[in-house]
$ cat start38.pdb   # PDB, C-alpha atoms
ATOM      1  CA  MET Q   1      -5.882   5.984 -20.481  1.00  0.00           C
ATOM      2  CA  ASP Q   2      -2.374   4.523 -20.631  1.00  0.00           C
ATOM      3  CA  ASP Q   3      -1.038   1.947 -18.153  1.00  0.00           C
ATOM      4  CA  GLU Q   4       0.903   4.425 -16.014  1.00  0.00           C
ATOM      5  CA  GLN Q   5      -2.192   6.598 -15.618  1.00  0.00           C
ATOM      6  CA  ALA Q   6      -4.291   3.538 -14.732  1.00  0.00           C
ATOM      7  CA  LEU Q   7      -1.742   2.456 -12.106  1.00  0.00           C
ATOM      8  CA  SER Q   8      -1.561   5.983 -10.685  1.00  0.00           C
ATOM      9  CA  LEU Q   9      -5.351   6.078 -10.455  1.00  0.00           C
ATOM     10  CA  ALA Q  10      -5.372   2.731  -8.620  1.00  0.00           C
ATOM     11  CA  LYS Q  11      -2.721   4.028  -6.222  1.00  0.00           C
ATOM     12  CA  THR Q  12      -4.863   7.146  -5.667  1.00  0.00           C
ATOM     13  CA  GLU Q  13      -7.842   4.912  -4.800  1.00  0.00           C
ATOM     14  CA  TYR Q  14      -5.653   3.075  -2.281  1.00  0.00           C
ATOM     15  CA  ARG Q  15      -4.524   6.344  -0.649  1.00  0.00           C
ATOM     16  CA  GLU Q  16      -8.009   7.831  -0.597  1.00  0.00           C
ATOM     17  CA  GLY Q  17      -9.371   4.629   0.899  1.00  0.00           C
ATOM     18  CA  TYR Q  18      -7.081   5.148   3.874  1.00  0.00           C
ATOM     19  CA  ASN Q  19      -7.769   8.877   4.076  1.00  0.00           C
ATOM     20  CA  SER Q  20     -11.538   8.353   4.014  1.00  0.00           C
ATOM     21  CA  GLY Q  21     -11.545   5.304   6.321  1.00  0.00           C
ATOM     22  CA  ASP Q  22     -13.099   3.130   3.591  1.00  0.00           C
ATOM     23  CA  ILE Q  23     -11.953  -0.502   3.967  1.00  0.00           C
ATOM     24  CA  ASP Q  24     -13.536  -1.631   0.691  1.00  0.00           C
ATOM     25  CA  ARG Q  25     -11.784   1.145  -1.208  1.00  0.00           C
ATOM     26  CA  VAL Q  26      -8.411   0.126   0.265  1.00  0.00           C
ATOM     27  CA  MET Q  27      -8.999  -3.551  -0.466  1.00  0.00           C
ATOM     28  CA  GLY Q  28     -10.323  -2.834  -3.966  1.00  0.00           C
ATOM     29  CA  VAL Q  29      -6.821  -2.365  -5.363  1.00  0.00           C
ATOM     30  CA  PHE Q  30      -5.635  -5.807  -4.254  1.00  0.00           C
ATOM     31  CA  GLY Q  31      -6.002  -8.906  -6.402  1.00  0.00           C
ATOM     32  CA  GLU Q  32      -7.853 -11.984  -5.228  1.00  0.00           C
ATOM     33  CA  ASP Q  33      -4.624 -13.784  -4.330  1.00  0.00           C
ATOM     34  CA  PHE Q  34      -1.758 -11.574  -3.208  1.00  0.00           C
ATOM     35  CA  ILE Q  35       1.321 -11.675  -1.016  1.00  0.00           C
ATOM     36  CA  LEU Q  36       1.358  -9.443   2.083  1.00  0.00           C
ATOM     37  CA  MET Q  37       4.699  -8.721   3.782  1.00  0.00           C
ATOM     38  CA  THR Q  38       4.466  -5.983   6.383  1.00  0.00           C
ATOM     39  CA  GLU Q  39       7.333  -5.158   8.742  1.00  0.00           C
ATOM     40  CA  GLY Q  40       6.914  -6.560  12.232  1.00  0.00           C
ATOM     41  CA  LEU Q  41       3.907  -8.691  11.291  1.00  0.00           C
ATOM     42  CA  PRO Q  42       3.507 -12.211   9.909  1.00  0.00           C
ATOM     43  CA  SER Q  43       3.390 -12.634   6.136  1.00  0.00           C
ATOM     44  CA  PHE Q  44       0.270 -13.977   4.453  1.00  0.00           C
ATOM     45  CA  TYR Q  45      -0.400 -15.419   1.022  1.00  0.00           C
ATOM     46  CA  GLY Q  46      -3.459 -15.790  -1.213  1.00  0.00           C
ATOM     47  CA  ASN Q  47      -6.878 -15.659   0.399  1.00  0.00           C
ATOM     48  CA  GLU Q  48      -5.328 -15.437   3.884  1.00  0.00           C
ATOM     49  CA  ALA Q  49      -3.559 -12.213   2.850  1.00  0.00           C
ATOM     50  CA  SER Q  50      -6.905 -10.639   2.022  1.00  0.00           C
ATOM     51  CA  ILE Q  51      -8.441 -11.705   5.333  1.00  0.00           C
ATOM     52  CA  ALA Q  52      -5.393 -10.544   7.330  1.00  0.00           C
ATOM     53  CA  HIS Q  53      -5.127  -7.177   5.565  1.00  0.00           C
ATOM     54  CA  ARG Q  54      -8.862  -6.447   5.823  1.00  0.00           C
ATOM     55  CA  THR Q  55      -8.729  -7.250   9.562  1.00  0.00           C
ATOM     56  CA  ARG Q  56      -5.658  -5.050  10.107  1.00  0.00           C
ATOM     57  CA  VAL Q  57      -7.203  -2.125   8.227  1.00  0.00           C
ATOM     58  CA  LYS Q  58     -10.538  -2.533  10.049  1.00  0.00           C
ATOM     59  CA  ASN Q  59      -8.751  -2.450  13.424  1.00  0.00           C
ATOM     60  CA  LEU Q  60      -6.670   0.549  12.343  1.00  0.00           C
ATOM     61  CA  PHE Q  61      -9.763   2.510  11.288  1.00  0.00           C
ATOM     62  CA  ALA Q  62     -11.537   1.599  14.546  1.00  0.00           C
ATOM     63  CA  ASP Q  63      -8.793   3.239  16.611  1.00  0.00           C
ATOM     64  CA  TYR Q  64      -7.379   5.998  14.392  1.00  0.00           C
ATOM     65  CA  LYS Q  65      -8.128   8.643  11.834  1.00  0.00           C
ATOM     66  CA  VAL Q  66      -5.589   7.948   9.104  1.00  0.00           C
ATOM     67  CA  GLU Q  67      -3.908  10.398   6.773  1.00  0.00           C
ATOM     68  CA  MET Q  68      -1.635   8.936   4.122  1.00  0.00           C
ATOM     69  CA  ILE Q  69       0.657  10.736   1.716  1.00  0.00           C
ATOM     70  CA  VAL Q  70       2.107   8.569  -1.057  1.00  0.00           C
ATOM     71  CA  THR Q  71       5.264   9.379  -3.011  1.00  0.00           C
ATOM     72  CA  ILE Q  72       5.712   7.103  -6.016  1.00  0.00           C
ATOM     73  CA  ILE Q  73       9.286   6.764  -7.261  1.00  0.00           C
ATOM     74  CA  ASP Q  74       8.432   5.065 -10.535  1.00  0.00           C
ATOM     75  CA  PHE Q  75       6.260   2.472 -12.238  1.00  0.00           C
ATOM     76  CA  VAL Q  76       8.007  -0.177 -14.331  1.00  0.00           C
ATOM     77  CA  ILE Q  77       5.532  -1.755 -16.724  1.00  0.00           C
ATOM     78  CA  ARG Q  78       6.121  -4.944 -18.711  1.00  0.00           C
ATOM     79  CA  GLY Q  79       2.937  -6.002 -20.479  1.00  0.00           C
ATOM     80  CA  ASP Q  80       0.428  -7.209 -17.875  1.00  0.00           C
ATOM     81  CA  PHE Q  81       3.018  -7.020 -15.095  1.00  0.00           C
ATOM     82  CA  ALA Q  82       4.258  -3.915 -13.300  1.00  0.00           C
ATOM     83  CA  PHE Q  83       5.988  -2.884 -10.107  1.00  0.00           C
ATOM     84  CA  ASP Q  84       6.456   0.336  -8.245  1.00  0.00           C
ATOM     85  CA  SER Q  85       8.179   1.587  -5.143  1.00  0.00           C
ATOM     86  CA  GLY Q  86       8.148   4.697  -3.038  1.00  0.00           C
ATOM     87  CA  TRP Q  87       7.198   6.035   0.354  1.00  0.00           C
ATOM     88  CA  GLU Q  88       4.019   6.269   2.400  1.00  0.00           C
ATOM     89  CA  ALA Q  89       3.878   8.816   5.205  1.00  0.00           C
ATOM     90  CA  VAL Q  90       1.104   7.668   7.526  1.00  0.00           C
ATOM     91  CA  THR Q  91      -0.263   9.945  10.251  1.00  0.00           C
ATOM     92  CA  LEU Q  92      -2.404   8.245  12.886  1.00  0.00           C
ATOM     93  CA  THR Q  93      -4.611  10.396  15.113  1.00  0.00           C
ATOM     94  CA  PRO Q  94      -6.146   8.437  18.008  1.00  0.00           C
ATOM     95  CA  LYS Q  95      -9.931   8.627  18.008  1.00  0.00           C
ATOM     96  CA  THR Q  96      -9.889   8.669  21.814  1.00  0.00           C
ATOM     97  CA  GLY Q  97      -7.730  11.811  21.815  1.00  0.00           C
ATOM     98  CA  GLY Q  98      -4.029  12.360  21.848  1.00  0.00           C
ATOM     99  CA  ASP Q  99      -1.303  13.588  19.596  1.00  0.00           C
ATOM    100  CA  PRO Q 100      -1.012  12.361  16.024  1.00  0.00           C
ATOM    101  CA  VAL Q 101       2.031  10.243  15.153  1.00  0.00           C
ATOM    102  CA  THR Q 102       3.545  10.149  11.673  1.00  0.00           C
ATOM    103  CA  THR Q 103       5.613   7.220  10.425  1.00  0.00           C
ATOM    104  CA  ARG Q 104       7.207   6.984   7.017  1.00  0.00           C
ATOM    105  CA  TYR Q 105       7.378   3.615   5.258  1.00  0.00           C
ATOM    106  CA  ARG Q 106       9.163   2.341   2.161  1.00  0.00           C
ATOM    107  CA  TYR Q 107       7.041   0.135  -0.068  1.00  0.00           C
ATOM    108  CA  PHE Q 108       7.432  -2.170  -3.043  1.00  0.00           C
ATOM    109  CA  GLU Q 109       4.384  -3.394  -4.946  1.00  0.00           C
ATOM    110  CA  VAL Q 110       3.868  -5.914  -7.715  1.00  0.00           C
ATOM    111  CA  TRP Q 111       0.867  -5.327  -9.958  1.00  0.00           C
ATOM    112  CA  ASN Q 112      -0.881  -7.600 -12.465  1.00  0.00           C
ATOM    113  CA  ARG Q 113      -3.587  -6.766 -14.957  1.00  0.00           C
ATOM    114  CA  ASN Q 114      -6.613  -8.991 -14.307  1.00  0.00           C
ATOM    115  CA  THR Q 115      -8.909 -10.515 -16.942  1.00  0.00           C
ATOM    116  CA  ALA Q 116     -11.143  -7.411 -16.794  1.00  0.00           C
ATOM    117  CA  GLY Q 117      -8.121  -5.269 -17.718  1.00  0.00           C
ATOM    118  CA  ASN Q 118      -7.755  -3.650 -14.278  1.00  0.00           C
ATOM    119  CA  TRP Q 119      -4.458  -3.348 -12.435  1.00  0.00           C
ATOM    120  CA  LYS Q 120      -4.431  -5.104  -9.041  1.00  0.00           C
ATOM    121  CA  ILE Q 121      -1.709  -5.499  -6.416  1.00  0.00           C
ATOM    122  CA  SER Q 122      -0.372  -9.061  -6.304  1.00  0.00           C
ATOM    123  CA  GLY Q 123       2.530  -8.426  -3.945  1.00  0.00           C
ATOM    124  CA  PHE Q 124       2.940  -5.820  -1.201  1.00  0.00           C
ATOM    125  CA  ILE Q 125       6.077  -5.311   0.890  1.00  0.00           C
ATOM    126  CA  THR Q 126       6.513  -2.450   3.344  1.00  0.00           C
ATOM    127  CA  ASN Q 127       8.904  -1.463   6.113  1.00  0.00           C
ATOM    128  CA  LYS Q 128       9.799   1.638   8.098  1.00  0.00           C
ATOM    129  CA  ASP Q 129      11.956   4.136   6.303  1.00  0.00           C
ATOM    130  CA  LEU Q 130      15.366   4.834   7.799  1.00  0.00           C
ATOM    131  CA  PRO Q 131      17.580   7.920   7.553  1.00  0.00           C
ATOM    132  CA  PRO Q 132      20.080   7.885   4.698  1.00  0.00           C
ATOM    133  CA  GLU Q 133      23.543   6.561   5.443  1.00  0.00           C
ATOM    134  CA  MET Q 134      26.823   7.310   3.697  1.00  0.00           C
ATOM    135  CA  LEU Q 135      28.884   4.300   2.716  1.00  0.00           C
ATOM    136  CA  PRO Q 136      32.532   4.249   3.815  1.00  0.00           C
ATOM    137  CA  GLY Q 137      35.234   5.423   1.429  1.00  0.00           C
TER     138      GLY Q 137
END
$ encode --input "start38.pdb" --output "structure tokens"
Amino acid sequence: MDDEQALSLAKTEYREGYNSGDIDRVMGVFGEDFILMTEGLPSFYGNEASIAHRTRVKNLFADYKVEMIVTIIDFVIRGDFAFDSGWEAVTLTPKTGGDPVTTRYRYFEVWNRNTAGNWKISGFITNKDLPPEMLPG
């Protein structure tokens, strides 16, 4: 399996973790020490990022059924370092009833190959997607 396929498979695990409500599957694609920068929320680094993200995902799964669709723009791979960007459309359906709400996010991820040869996220930045805008002139 080449690096792009391995990264795509890891990204699939991430998506399917959300879609199946499996916290460990979501967290399995993150490295031991990563940077977490999510719009509207505090940033966390290293071990605190893992604790914060696991808590956020646990709370999300407690309240909502999640459906995520990921659109990858491209992977850029440089040895044991890679990054990708794209969009995540996240639909949240309240478990207590109510209409689902879909929000689309832009994301940028940094990946590193660990000592076992697996690709893990070392940096994660996300924010809400905005409509396109034409520049003047």
$ residues_around --input "start38.pdb" --residues "range 70-86 of chain Q" --least-positions-apart "4" --cutoff "6 Å" --atoms "all atoms listed in the file" --output "count of residues only"
8
$ resolve_selection --input "start38.pdb" --expression "the PyMOL selection byres ((chain Q and resi 67) around 10)" --output "VMD selection string"
chain Q and resid 15 to 21 64 to 66 68 to 69 88 to 93 100 102
$ closest_residue --input "start38.pdb" --among "Q:Thr96, Q:Phe124, Q:Gly40, Q:Trp119" --to "Glu13 in chain Q" --atoms "all atoms listed in the file"
Q:Trp119
$ residues_near_point --input "start38.pdb" --point "(-14.5, -2.1, -3.4)" --cutoff "12 Å" --atoms "only C-alpha atoms" --output "ChimeraX atom specification"
/Q:10,13-14,17,22-31,54,120
$ atom_distance --input "start38.pdb" --atom1 "CA of Gln5 in chain Q" --atom2 "CA of Asn114 in chain Q"
16.3 Å
$ axis_aligned_box --input "start38.pdb" --around "range 32-47 of chain Q" --padding-each-side "8 Å" --output "AutoDock Vina command-line options"
--center_x -0.3 --center_y -10.5 --center_z 3.5 --size_x 31.2 --size_y 26.6 --size_z 33.5
$ decode --input "start38.pdb" --residues "range 13-34 of chain Q" --atoms "N, CA, C and O atoms" --output "CSV table (one decimal), in the first residue's frame"
chain,number,residue,atom,x,y,z
Q,13,GLU,N,-11.1,5.7,8.4
Q,13,GLU,CA,-11.3,5.2,9.8
Q,13,GLU,C,-11.8,6.4,10.7
Q,13,GLU,O,-12.7,6.2,11.5
Q,14,TYR,N,-11.3,7.6,10.5
Q,14,TYR,CA,-11.7,8.7,11.2
Q,14,TYR,C,-13.2,9.0,10.9
Q,14,TYR,O,-14.0,9.1,11.8
Q,15,ARG,N,-13.6,9.0,9.6
Q,15,ARG,CA,-15.0,9.3,9.2
Q,15,ARG,C,-15.9,8.2,9.8
Q,15,ARG,O,-16.9,8.5,10.4
Q,16,GLU,N,-15.5,6.9,9.6
Q,16,GLU,CA,-16.3,5.9,10.1
Q,16,GLU,C,-16.4,5.8,11.6
Q,16,GLU,O,-17.4,5.3,12.2
Q,17,GLY,N,-15.4,6.3,12.3
Q,17,GLY,CA,-15.5,6.4,13.8
Q,17,GLY,C,-16.6,7.3,14.1
Q,17,GLY,O,-17.4,7.0,15.0
Q,18,TYR,N,-16.7,8.5,13.5
Q,18,TYR,CA,-17.8,9.4,13.7
Q,18,TYR,C,-19.2,8.8,13.3
Q,18,TYR,O,-20.2,8.8,14.1
Q,19,ASN,N,-19.2,8.2,12.2
Q,19,ASN,CA,-20.5,7.6,11.7
Q,19,ASN,C,-21.0,6.5,12.5
Q,19,ASN,O,-22.2,6.2,12.5
Q,20,SER,N,-20.1,5.8,13.2
Q,20,SER,CA,-20.5,4.6,14.0
Q,20,SER,C,-20.6,5.0,15.5
Q,20,SER,O,-21.0,4.1,16.3
Q,21,GLY,N,-20.2,6.2,15.8
Q,21,GLY,CA,-20.3,6.6,17.2
Q,21,GLY,C,-19.2,5.9,18.1
Q,21,GLY,O,-19.4,5.7,19.3
Q,22,ASP,N,-18.0,5.6,17.4
Q,22,ASP,CA,-17.0,4.9,18.1
Q,22,ASP,C,-15.8,5.9,18.5
Q,22,ASP,O,-15.0,6.2,17.6
Q,23,ILE,N,-15.8,6.3,19.7
Q,23,ILE,CA,-14.8,7.2,20.2
Q,23,ILE,C,-13.3,6.7,19.9
Q,23,ILE,O,-12.5,7.5,19.4
Q,24,ASP,N,-13.1,5.5,20.2
Q,24,ASP,CA,-11.7,4.9,20.1
Q,24,ASP,C,-11.3,4.9,18.6
Q,24,ASP,O,-10.1,5.1,18.3
Q,25,ARG,N,-12.2,4.7,17.7
Q,25,ARG,CA,-11.9,4.7,16.3
Q,25,ARG,C,-11.6,6.1,15.8
Q,25,ARG,O,-10.6,6.3,15.0
Q,26,VAL,N,-12.3,7.1,16.3
Q,26,VAL,CA,-12.0,8.5,16.0
Q,26,VAL,C,-10.6,8.8,16.5
Q,26,VAL,O,-9.8,9.3,15.8
Q,27,MET,N,-10.4,8.5,17.8
Q,27,MET,CA,-9.1,8.9,18.4
Q,27,MET,C,-7.9,8.1,17.9
Q,27,MET,O,-6.8,8.6,18.0
Q,28,GLY,N,-8.2,7.0,17.3
Q,28,GLY,CA,-7.1,6.1,16.8
Q,28,GLY,C,-6.3,6.7,15.7
Q,28,GLY,O,-5.2,6.2,15.4
Q,29,VAL,N,-6.8,7.7,15.0
Q,29,VAL,CA,-6.0,8.3,13.9
Q,29,VAL,C,-5.1,9.5,14.4
Q,29,VAL,O,-4.3,10.0,13.6
Q,30,PHE,N,-5.2,9.8,15.7
Q,30,PHE,CA,-4.4,10.9,16.2
Q,30,PHE,C,-3.2,10.4,16.9
Q,30,PHE,O,-3.2,9.4,17.5
Q,31,GLY,N,-2.1,11.1,16.7
Q,31,GLY,CA,-0.8,10.8,17.4
Q,31,GLY,C,-0.9,11.0,18.9
Q,31,GLY,O,-1.9,11.6,19.4
Q,32,GLU,N,0.1,10.6,19.6
Q,32,GLU,CA,0.1,10.8,21.1
Q,32,GLU,C,0.1,12.2,21.5
Q,32,GLU,O,-0.6,12.6,22.4
Q,33,ASP,N,0.8,13.0,20.8
Q,33,ASP,CA,0.9,14.5,21.0
Q,33,ASP,C,0.5,15.2,19.8
Q,33,ASP,O,1.3,15.2,18.8
Q,34,PHE,N,-0.6,15.9,19.8
Q,34,PHE,CA,-1.0,16.6,18.6
Q,34,PHE,C,-1.5,18.0,19.0
Q,34,PHE,O,-1.6,18.3,20.2
